[in-house]
Amino acid sequence: MAQYTLNPPLNETDVPDSPRPLLEAWLADAAAVPMQEPTAMTLATVGADGQPSARIVLFKGFHQDQLTFYTNYESHKGRDLAANPRVALTFWWDRLERQVRVEGRVEKLPEELSHRYFYRRIRESQIGALTSRQSQVVATRAELDARFDDNAQRYAGTEVPRPAFWGGYGVTPALVEFWQGRHGRLHDRLQYRRSGDGWILERLEP
Ligand SMILES: Cc1cc2nc3c(=O)[nH]c(=O)nc-3n(C[C@H](O)[C@H](O)[C@H](O)COP(=O)(O)O)c2cc1C
């Protein structure tokens with residue numbers, strides 16, 4: 001059983017007034033140790049029927065204090081978010097014995113941000129995004145590969161068009177909790193709760 005002895009205490013007096021700088025510091029710590037996807041976060045959505053659904057997406061930076069990620073607007077998550085913009089996000093960094101939980105609301109990012117990010121991705125990813133009807137049932141892998149090859153041929157030598165169904169979301173946090181493993185299961189939990197323009201900092205029992 002893990003003993004959680006890696007971290008020094010997480011003290012109220014040592015943390016910033018708002019969660020963003022602390023999250024950025026923890027992301028930088030995660031990026032500095034060998035792990036495959038330090039920006040991976042679980043995104044939980046709720047469908048129109050009240051059914052929760054969760055999957056991993058990659059955090060792609062802040063936009064005006066929103067946490068951003070990119071996806072297909074017509075996917076399962078995209079449909080959930082069109083019906084209900086409330087989400088939860090969770091980061092877990094095993095090697096750091098740290099978790100961050102976020103609750104908030106999403107909005108679609110401005111088109112120009114989605115555009116810019118789309119064209120920063122490698123060409124295969126652009127063609128993949130154009131090809132995939134994310135979350136739809138497909139009869140065979142071969143059908144998907146054939147559609148990818150068609151698109152690769154169609155746009156050979158030219159710019160791959162960014163489909164209108166692909167883009168980013170920004171999550172405006174209302175609650176951000178920083179969890180750090182501590183010895184004896186008395187882990188540290190500091191929670192920032194939005195209050196007007198500022199944040200209330202509270203310690204939660206582990
Ligand atoms: C490490 C990792 C990173 C991922 N990053 C993304 C991402 O940034 N955007 C995305 O749409 N899907 C990403 N996925 C795939 C999603 O987990 C999921 O399969 C896909 O978005 C479809 O989800 P949905 O059917 O619930 O909409 C990632 C999966 C893994 C394992």
# chains A, B, ... in the order shown; residues from 1 in each chain; ligands from 1
>>> residues_around(residues="region 171-183 of chain A", least_positions_apart="5", cutoff="7 Å", atoms="only C-alpha atoms", output="JSON list (two decimals) with C-alpha atoms, in the first residue's frame")
[["chain", "number", "residue", "atom", "x", "y", "z"],
["A", 3, "GLN", "CA", 2.70, 5.43, 2.00],
["A", 4, "TYR", "CA", 2.58, 8.90, 0.39],
["A", 5, "THR", "CA", 5.72, 10.43, 1.81],
["A", 7, "ASN", "CA", 5.49, 15.75, -0.58],
["A", 19, "PRO", "CA", -5.82, 28.47, -8.13],
["A", 65, "ASP", "CA", -8.46, 31.61, -16.92],
["A", 66, "GLN", "CA", -10.33, 28.88, -18.74],
["A", 67, "LEU", "CA", -8.77, 25.43, -18.96],
["A", 68, "THR", "CA", -8.81, 24.42, -22.62],
["A", 97, "GLU", "CA", 1.08, 11.73, -5.44],
["A", 98, "ARG", "CA", -1.10, 14.66, -6.43],
["A", 99, "GLN", "CA", -4.62, 15.10, -7.74],
["A", 100, "VAL", "CA", -6.42, 18.24, -8.92],
["A", 101, "ARG", "CA", -10.19, 18.39, -9.27],
["A", 102, "VAL", "CA", -12.00, 21.13, -11.15],
["A", 103, "GLU", "CA", -15.70, 21.84, -11.46],
["A", 104, "GLY", "CA", -17.12, 24.46, -13.76],
["A", 105, "ARG", "CA", -18.80, 25.29, -17.02],
["A", 106, "VAL", "CA", -17.59, 25.03, -20.60],
["A", 107, "GLU", "CA", -17.91, 27.38, -23.52],
["A", 188, "ASP", "CA", -3.76, 17.53, 2.34],
["A", 189, "ARG", "CA", -6.79, 18.93, 0.52],
["A", 190, "LEU", "CA", -7.04, 22.64, -0.23],
["A", 191, "GLN", "CA", -10.06, 23.83, -2.12],
["A", 192, "TYR", "CA", -10.58, 27.15, -3.91],
["A", 193, "ARG", "CA", -14.22, 28.12, -4.26],
["A", 194, "ARG", "CA", -15.11, 31.06, -6.49]]
>>> residues_near_ligand(ligand="ligand 1", cutoff="12 Å", atoms="only C-alpha atoms and all ligand atoms", output="PyMOL selection string")
chain A and resi 35-47+51-61+68-82+91-92+117-118+121+125+128-129+132-137+165-169
>>> closest_residue(among="A:Asp14, A:Asp149, A:Asp29, A:Asp94", to="Leu130 (chain A)", atoms="only C-alpha atoms")
A:Asp149
>>> atom_distance(atom1="CA of Thr131 (chain A)", atom2="CA of Tyr119 (chain A)")
15.5 Å
>>> atom_distance(atom1="CA of Ala146 (chain A)", atom2="CA of Glu111 (chain A)")
29.1 Å
